[in-house]
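File shown here: structure.cif, holding mmCIF, C-alpha atoms.
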data_work
#
loop_
_atom_site.label_atom_id
_atom_site.label_comp_id
_atom_site.auth_asym_id
_atom_site.auth_seq_id
_atom_site.Cartn_x
_atom_site.Cartn_y
_atom_site.Cartn_z
CA MET A 22 -44.81 -11.03 -65.77
CA LYS A 23 -43.87 -14.34 -67.32
CA ASN A 24 -41.10 -15.07 -64.85
CA ARG A 25 -43.08 -14.18 -61.72
CA VAL A 26 -46.13 -16.31 -62.50
CA LYS A 27 -44.05 -19.20 -63.79
CA VAL A 28 -41.63 -19.10 -60.86
CA LEU A 29 -44.41 -18.95 -58.27
CA ARG A 30 -46.27 -21.77 -60.02
CA GLU A 31 -43.15 -23.95 -60.16
CA GLN A 32 -42.30 -23.20 -56.53
CA GLN A 33 -45.67 -24.70 -55.61
CA ASN A 34 -45.04 -27.73 -57.86
CA MET A 35 -48.09 -26.87 -59.93
CA THR A 36 -48.55 -27.53 -63.64
CA GLN A 37 -50.08 -24.98 -65.98
CA THR A 38 -53.20 -27.16 -66.17
CA GLU A 39 -53.51 -27.25 -62.38
CA LEU A 40 -53.11 -23.46 -62.18
CA ALA A 41 -55.78 -23.02 -64.86
CA GLU A 42 -58.20 -25.28 -62.97
CA LYS A 43 -57.48 -23.66 -59.61
CA SER A 44 -57.88 -20.12 -60.96
CA GLY A 45 -60.89 -20.87 -63.16
CA LEU A 46 -59.06 -19.63 -66.26
CA SER A 47 -58.38 -21.52 -69.46
CA LEU A 48 -55.08 -23.30 -70.00
CA ARG A 49 -54.45 -21.07 -73.02
CA THR A 50 -54.82 -17.95 -70.82
CA VAL A 51 -52.25 -19.31 -68.34
CA GLN A 52 -49.89 -20.08 -71.23
CA ARG A 53 -50.28 -16.54 -72.60
CA ILE A 54 -49.58 -15.03 -69.19
CA GLU A 55 -46.40 -17.07 -68.81
CA ALA A 56 -45.42 -16.08 -72.35
CA GLY A 57 -45.50 -12.42 -71.34
CA SER A 58 -49.09 -11.14 -71.68
CA SER A 59 -50.00 -8.54 -69.09
CA LEU A 60 -52.28 -9.34 -66.18
CA LYS A 61 -55.25 -7.08 -65.45
CA GLY A 62 -58.49 -7.11 -63.50
CA TYR A 63 -60.15 -10.45 -62.88
CA THR A 64 -57.29 -12.46 -64.40
CA LEU A 65 -54.74 -10.78 -62.10
CA LYS A 66 -56.88 -11.46 -59.01
CA ALA A 67 -57.61 -15.07 -60.04
CA ILE A 68 -53.95 -15.91 -60.67
CA ALA A 69 -52.83 -14.13 -57.46
CA GLY A 70 -55.40 -16.03 -55.42
CA SER A 71 -54.43 -19.35 -56.95
CA LEU A 72 -50.73 -18.73 -56.29
CA GLU A 73 -51.46 -17.52 -52.74
CA THR A 74 -49.93 -14.10 -53.29
CA THR A 75 -51.18 -10.54 -53.75
CA PRO A 76 -51.95 -8.86 -57.07
CA GLU A 77 -49.30 -6.24 -56.22
CA GLU A 78 -46.67 -8.96 -55.90
CA LEU A 79 -47.57 -10.33 -59.33
CA SER A 80 -47.57 -6.84 -60.86
CA LYS A 81 -43.91 -6.25 -60.02
CA SER A 82 -41.64 -6.30 -63.04
CA ALA A 83 -39.19 -9.12 -63.63
CA THR A 84 -36.26 -6.85 -62.71
CA GLU A 85 -37.70 -6.56 -59.21
CA ASN A 86 -37.13 -10.27 -58.75
CA PRO A 87 -33.32 -10.55 -58.62
CA VAL A 88 -33.26 -14.09 -57.19
CA THR A 89 -34.77 -15.58 -60.36
CA GLU A 90 -32.48 -13.68 -62.70
CA THR A 91 -29.41 -14.32 -60.57
CA ALA A 92 -30.13 -18.00 -60.20
CA ASP A 93 -30.56 -18.50 -63.95
CA ARG A 94 -27.22 -16.92 -64.89
CA ALA A 95 -25.44 -18.44 -61.88
CA LYS A 96 -26.69 -21.90 -62.89
CA LEU A 97 -25.06 -21.46 -66.29
CA ILE A 98 -21.80 -20.29 -64.69
CA ASN A 99 -21.94 -23.22 -62.26
CA LEU A 100 -22.45 -25.74 -65.07
CA SER A 101 -19.59 -24.21 -67.07
CA ALA A 102 -17.27 -25.34 -64.27
CA LEU A 103 -17.71 -28.88 -65.59
CA ALA A 104 -15.56 -27.89 -68.56
CA GLY A 105 -12.64 -28.59 -66.22
CA LEU A 106 -13.36 -32.28 -66.60
CA VAL A 107 -12.49 -32.06 -70.31
CA LEU A 108 -10.07 -29.15 -70.63
CA PRO A 109 -7.22 -28.34 -68.25
CA PHE A 110 -8.29 -25.32 -66.18
CA GLY A 111 -11.53 -25.12 -68.20
CA GLY A 112 -13.37 -25.14 -64.88
CA VAL A 113 -11.73 -21.80 -64.10
CA ILE A 114 -11.56 -20.19 -67.54
CA PHE A 115 -15.19 -20.66 -68.64
CA PRO A 116 -16.79 -19.46 -65.36
CA LEU A 117 -14.52 -16.39 -65.43
CA ILE A 118 -15.45 -15.58 -69.04
CA LEU A 119 -19.18 -15.93 -68.29
CA THR A 120 -18.80 -13.85 -65.13
CA TYR A 121 -16.95 -11.14 -67.03
CA ARG A 122 -19.75 -10.98 -69.62
CA THR A 123 -22.45 -10.78 -66.95
CA LYS A 124 -24.06 -7.39 -66.39
CA GLY A 125 -25.86 -7.71 -63.03
CA LEU A 126 -23.91 -7.19 -59.81
CA ASN A 127 -25.50 -10.19 -58.10
CA ASN A 128 -24.64 -12.38 -61.09
CA LYS A 129 -21.03 -11.16 -61.07
CA ASP A 130 -20.75 -11.81 -57.34
CA LEU A 131 -22.06 -15.37 -57.61
CA GLY A 132 -19.88 -16.00 -60.68
CA LYS A 133 -16.80 -14.82 -58.83
CA SER A 134 -17.63 -17.10 -55.89
CA ILE A 135 -17.99 -20.07 -58.24
CA ALA A 136 -14.69 -19.24 -59.98
CA GLU A 137 -12.87 -18.83 -56.64
CA VAL A 138 -13.85 -22.33 -55.54
CA GLN A 139 -12.79 -23.74 -58.92
CA ILE A 140 -9.42 -21.95 -58.71
CA ILE A 141 -8.73 -23.47 -55.28
CA VAL A 142 -9.78 -26.97 -56.41
CA SER A 143 -7.61 -26.72 -59.55
CA ALA A 144 -4.62 -25.47 -57.55
CA ILE A 145 -4.92 -28.34 -55.08
CA LEU A 146 -5.23 -30.88 -57.90
CA SER A 147 -2.18 -29.43 -59.65
CA ALA A 148 -0.15 -29.63 -56.43
CA PHE A 149 -1.16 -33.24 -55.82
CA MET A 150 -0.42 -34.22 -59.42
CA ILE A 151 3.06 -32.69 -59.14
CA ILE A 152 3.75 -34.34 -55.77
CA SER A 153 2.33 -37.81 -56.63
CA PRO A 154 5.35 -39.10 -58.67
CA PHE A 155 7.72 -38.18 -55.82
CA VAL A 156 5.51 -39.86 -53.24
CA GLN A 157 5.21 -42.90 -55.50
CA LYS A 158 8.99 -43.13 -55.74
CA VAL A 159 9.32 -43.10 -51.95
CA LEU A 160 6.52 -45.62 -51.35
CA PRO A 161 6.89 -49.13 -52.75
CA MET A 162 3.73 -49.00 -54.88
CA LYS A 163 3.21 -50.50 -58.30
CA PHE A 164 -0.21 -48.87 -58.82
CA PRO A 165 0.05 -45.32 -60.28
CA LEU A 166 -0.73 -42.88 -57.46
CA PHE A 167 -2.02 -40.14 -59.77
CA ILE A 168 -5.09 -42.22 -60.74
CA PRO A 169 -6.83 -42.06 -57.31
CA VAL A 170 -5.90 -38.37 -57.10
CA LEU A 171 -7.47 -37.71 -60.49
CA LEU A 172 -10.61 -39.73 -59.70
CA SER A 173 -10.98 -37.91 -56.38
CA PHE A 174 -10.71 -34.59 -58.20
CA ILE A 175 -13.43 -35.58 -60.67
CA GLY A 176 -15.69 -36.70 -57.84
CA LEU A 177 -15.05 -33.50 -55.87
CA LYS A 178 -15.74 -31.28 -58.87
CA LEU A 179 -19.01 -33.10 -59.66
CA TRP A 180 -20.08 -32.91 -56.00
CA ILE A 181 -19.38 -29.14 -55.81
CA VAL A 182 -21.30 -28.40 -59.03
CA PHE A 183 -24.18 -30.65 -57.93
CA LYS A 184 -24.46 -29.12 -54.42
CA ASN A 185 -24.26 -25.55 -55.75
CA GLY A 186 -26.82 -26.35 -58.46
CA ILE A 187 -29.31 -27.68 -55.91
CA SER A 188 -28.73 -24.67 -53.67
CA LEU A 189 -29.19 -22.24 -56.57
CA ASN A 190 -32.48 -23.93 -57.48
CA GLN A 191 -33.80 -23.78 -53.93
CA THR A 192 -32.49 -20.50 -52.51
CA GLY A 193 -30.71 -18.63 -55.28
CA GLU A 194 -27.50 -18.76 -53.21
CA LEU A 195 -24.38 -20.91 -53.32
CA CYS A 196 -23.91 -23.72 -50.83
CA ILE A 197 -20.15 -24.10 -51.33
CA LYS A 198 -18.22 -20.84 -51.40
CA LEU A 199 -15.15 -19.40 -49.76
CA LYS A 200 -15.46 -17.28 -46.62
CA THR A 201 -12.60 -15.06 -47.71
CA ARG A 202 -12.93 -13.56 -51.19
CA PHE A 203 -9.96 -12.95 -53.45
CA LEU A 204 -11.58 -12.00 -56.80
#

What's the structure tokens form of this structure?
Amino acid sequence: MKNRVKVLREQQNMTQTELAEKSGLSLRTVQRIEAGSSLKGYTLKAIAGSLETTPEELSKSATENPVTETADRAKLINLSALAGLVLPFGGVIFPLILTYRTKGLNNKDLGKSIAEVQIIVSAILSAFMIISPFVQKVLPMKFPLFIPVLLSFIGLKLWIVFKNGISLNQTGELCIKLKTRFL
């Protein structure tokens, strides 16, 4: 119950106080409901009316709302990709570990998609880092060529994590993923 009421309230950009006022319930009652108390009778109808949904929709269990569960675990997997900024291939290793330890099929699928993108980005960076000294030797440059490559990689990784995070918050899906799967 907690997740459904809280998610619907947050989707409508409503605070607990605003929901309490709109439903005619006390703030403490709204807090209890979001903490997991069951909804019945008048309270169920008042909350449903305030959130512009049906009592049946609110009565569904949290497991019947896969988008919320998936998005929460996928957000963690997505953020773990930032470990690649500190550890070599950490952006691949940590998302794969979290995906492996995930139980839900939707979570595993999103985790694999996140890891696939990170694998491709890491492979491209590795190739450019290997090629950059040879290109530098051919071109008469005094500035180290690997620095712009490395900064571009950091910017790309941050952009991917940021875009996917926004998309997970809004739709529960990934914005940046591969069309062809390999994991």

> Nearest to Lys198 (chain A) among A:Val170, A:Leu179, A:Val156, A:Ile135, with distances taken over only C-alpha atoms: which residue is it?
Replying inline: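 Nearest candidate to Lys198 (chain A) out of A:Val170, A:Leu179, A:Val156, A:Ile135: A:Ile135.
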
> What would the list of residues within 10 Å of (0.1, -40.1, -60.3) (file frame) look like as JSON, numbers by chain, if only C-alpha atoms are what count?
Replying inline: {"A": [149, 150, 151, 152, 153, 154, 155, 156, 157, 164, 165, 166, 167, 168, 169, 170, 171]}

>> Residues within 12 Å of Pro109 (chain A), please, as a PyMOL selection string. Count all atoms listed in the file; anything in the same chain fewer than 2 positions from it doesn't count.
In response: chain A and resi 102-107+111-115+139-140+143-144+146-147

>> As an exercise, work out the distance from CA of Ser80 (chain A) to CA of Tyr63 (chain A) in Å and give it to one decimal place.
In response: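 Value for the CA of Ser80 (chain A)-CA of Tyr63 (chain A) distance: 13.2 Å.
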
> Using only C-alpha atoms, which of the listed residues (A:Ala95, A:Val182, A:Val26, A:Leu177) sits closest to Gln52 (chain A)?
Replying inline: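 When distances to Gln52 (chain A) are compared using only C-alpha atoms, the smallest one comes from A:Val26.
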
>> Need to verify the contact set: region 36-39 of chain A, 9 Å, all atoms listed in the file, exclusion of same-chain residues closer than 6 positions in sequence. Can you return it as a list in words?
In response: Lys27, Arg30, Ser47, Leu48, Val51 and Gln52 of chain A

> Any idea what the distance is between CA of Lys96 (chain A) and CA of Leu72 (chain A)?
Replying inline: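 Separation between CA of Lys96 (chain A) and CA of Leu72 (chain A): 25.1 Å.
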
>> Which residues would end up in the selection if the PyMOL selection byres ((chain A and resi 65-68) around 12) were applied here, given that I need the answer as an NGL selection string?
In response: :A and (22 or 25-27 or 29-30 or 37 or 39-48 or 50-51 or 54-55 or 58-64 or 69-81)

>> Taking all atoms listed in the file into account, name the residue in A:Ile197, A:Leu131, A:Val142, A:Ala56 that is nearest to Asp93 (chain A).
In response: A:Leu131

>> Give me, as an MDAnalysis selection string, all polymer residues having an atom no more than 12 Å from Arg94 (chain A), counting all atoms listed in the file and skipping those fewer than 6 positions away in the same chain.
In response: chainID A and resid 87:88 100:101 116 119:132 135 186 189:190 193:194

Store the residues picked out above, limited to C-alpha atoms, as a PDB file, keeping the file's coordinate frame.
ATOM      1  CA  PRO A  87     -33.320 -10.550 -58.620  1.00  0.00           C
ATOM      2  CA  VAL A  88     -33.260 -14.090 -57.190  1.00  0.00           C
ATOM      3  CA  LEU A 100     -22.450 -25.740 -65.070  1.00  0.00           C
ATOM      4  CA  SER A 101     -19.590 -24.210 -67.070  1.00  0.00           C
ATOM      5  CA  PRO A 116     -16.790 -19.460 -65.360  1.00  0.00           C
ATOM      6  CA  LEU A 119     -19.180 -15.930 -68.290  1.00  0.00           C
ATOM      7  CA  THR A 120     -18.800 -13.850 -65.130  1.00  0.00           C
ATOM      8  CA  TYR A 121     -16.950 -11.140 -67.030  1.00  0.00           C
ATOM      9  CA  ARG A 122     -19.750 -10.980 -69.620  1.00  0.00           C
ATOM     10  CA  THR A 123     -22.450 -10.780 -66.950  1.00  0.00           C
ATOM     11  CA  LYS A 124     -24.060  -7.390 -66.390  1.00  0.00           C
ATOM     12  CA  GLY A 125     -25.860  -7.710 -63.030  1.00  0.00           C
ATOM     13  CA  LEU A 126     -23.910  -7.190 -59.810  1.00  0.00           C
ATOM     14  CA  ASN A 127     -25.500 -10.190 -58.100  1.00  0.00           C
ATOM     15  CA  ASN A 128     -24.640 -12.380 -61.090  1.00  0.00           C
ATOM     16  CA  LYS A 129     -21.030 -11.160 -61.070  1.00  0.00           C
ATOM     17  CA  ASP A 130     -20.750 -11.810 -57.340  1.00  0.00           C
ATOM     18  CA  LEU A 131     -22.060 -15.370 -57.610  1.00  0.00           C
ATOM     19  CA  GLY A 132     -19.880 -16.000 -60.680  1.00  0.00           C
ATOM     20  CA  ILE A 135     -17.990 -20.070 -58.240  1.00  0.00           C
ATOM     21  CA  GLY A 186     -26.820 -26.350 -58.460  1.00  0.00           C
ATOM     22  CA  LEU A 189     -29.190 -22.240 -56.570  1.00  0.00           C
ATOM     23  CA  ASN A 190     -32.480 -23.930 -57.480  1.00  0.00           C
ATOM     24  CA  GLY A 193     -30.710 -18.630 -55.280  1.00  0.00           C
ATOM     25  CA  GLU A 194     -27.500 -18.760 -53.210  1.00  0.00           C
TER      26      GLU A 194
END

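The coordinates place CA of Gln32 (chain A) at 25.4 Å from CA of Ser134 (chain A).
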
>> Counting only C-alpha atoms, which residue out of A:Ala148, A:Met35, A:Leu117, A:Val28 sits closest to Phe174 (chain A)?
In response: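 Closest residue, counting only C-alpha atoms: A:Ala148.
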
With N, CA and C atoms as the target, complete region 135-154 of chain A and hand it back as a compact mmCIF listing (two decimals), in the coordinates of the input.
# COMPACT_ATOMS: atom_id res chain seq x y z
N ILE A 135 -18.14 -18.77 -57.57
CA ILE A 135 -17.99 -20.07 -58.24
C ILE A 135 -16.57 -20.22 -58.77
N ALA A 136 -16.05 -19.18 -59.41
CA ALA A 136 -14.69 -19.24 -59.98
C ALA A 136 -13.64 -19.38 -58.88
N GLU A 137 -13.84 -18.72 -57.74
CA GLU A 137 -12.87 -18.83 -56.64
C GLU A 137 -12.75 -20.27 -56.14
N VAL A 138 -13.87 -20.93 -55.98
CA VAL A 138 -13.85 -22.33 -55.54
C VAL A 138 -13.14 -23.19 -56.58
N GLN A 139 -13.42 -22.95 -57.86
CA GLN A 139 -12.79 -23.74 -58.92
C GLN A 139 -11.28 -23.49 -58.99
N ILE A 140 -10.85 -22.26 -58.72
CA ILE A 140 -9.42 -21.95 -58.71
C ILE A 140 -8.72 -22.73 -57.60
N ILE A 141 -9.32 -22.74 -56.41
CA ILE A 141 -8.73 -23.47 -55.28
C ILE A 141 -8.67 -24.97 -55.58
N VAL A 142 -9.75 -25.53 -56.09
CA VAL A 142 -9.78 -26.97 -56.41
C VAL A 142 -8.73 -27.30 -57.47
N SER A 143 -8.60 -26.48 -58.50
CA SER A 143 -7.61 -26.72 -59.55
C SER A 143 -6.18 -26.60 -59.03
N ALA A 144 -5.95 -25.64 -58.13
CA ALA A 144 -4.62 -25.47 -57.55
C ALA A 144 -4.24 -26.68 -56.70
N ILE A 145 -5.18 -27.17 -55.91
CA ILE A 145 -4.92 -28.34 -55.08
C ILE A 145 -4.65 -29.57 -55.95
N LEU A 146 -5.46 -29.75 -56.99
CA LEU A 146 -5.23 -30.88 -57.90
C LEU A 146 -3.85 -30.78 -58.53
N SER A 147 -3.49 -29.61 -59.01
CA SER A 147 -2.18 -29.43 -59.65
C SER A 147 -1.05 -29.77 -58.68
N ALA A 148 -1.18 -29.33 -57.44
CA ALA A 148 -0.15 -29.63 -56.43
C ALA A 148 -0.05 -31.13 -56.19
N PHE A 149 -1.19 -31.80 -56.04
CA PHE A 149 -1.16 -33.24 -55.82
C PHE A 149 -0.62 -34.00 -57.02
N MET A 150 -0.93 -33.55 -58.22
CA MET A 150 -0.42 -34.22 -59.42
C MET A 150 1.09 -34.05 -59.54
N ILE A 151 1.61 -32.91 -59.10
CA ILE A 151 3.06 -32.69 -59.14
C ILE A 151 3.76 -33.52 -58.07
N ILE A 152 3.14 -33.62 -56.89
CA ILE A 152 3.75 -34.34 -55.77
C ILE A 152 3.64 -35.86 -55.93
N SER A 153 2.59 -36.36 -56.59
CA SER A 153 2.33 -37.81 -56.63
C SER A 153 3.49 -38.65 -57.19
N PRO A 154 4.23 -38.24 -58.22
CA PRO A 154 5.35 -39.10 -58.67
C PRO A 154 6.46 -39.22 -57.62
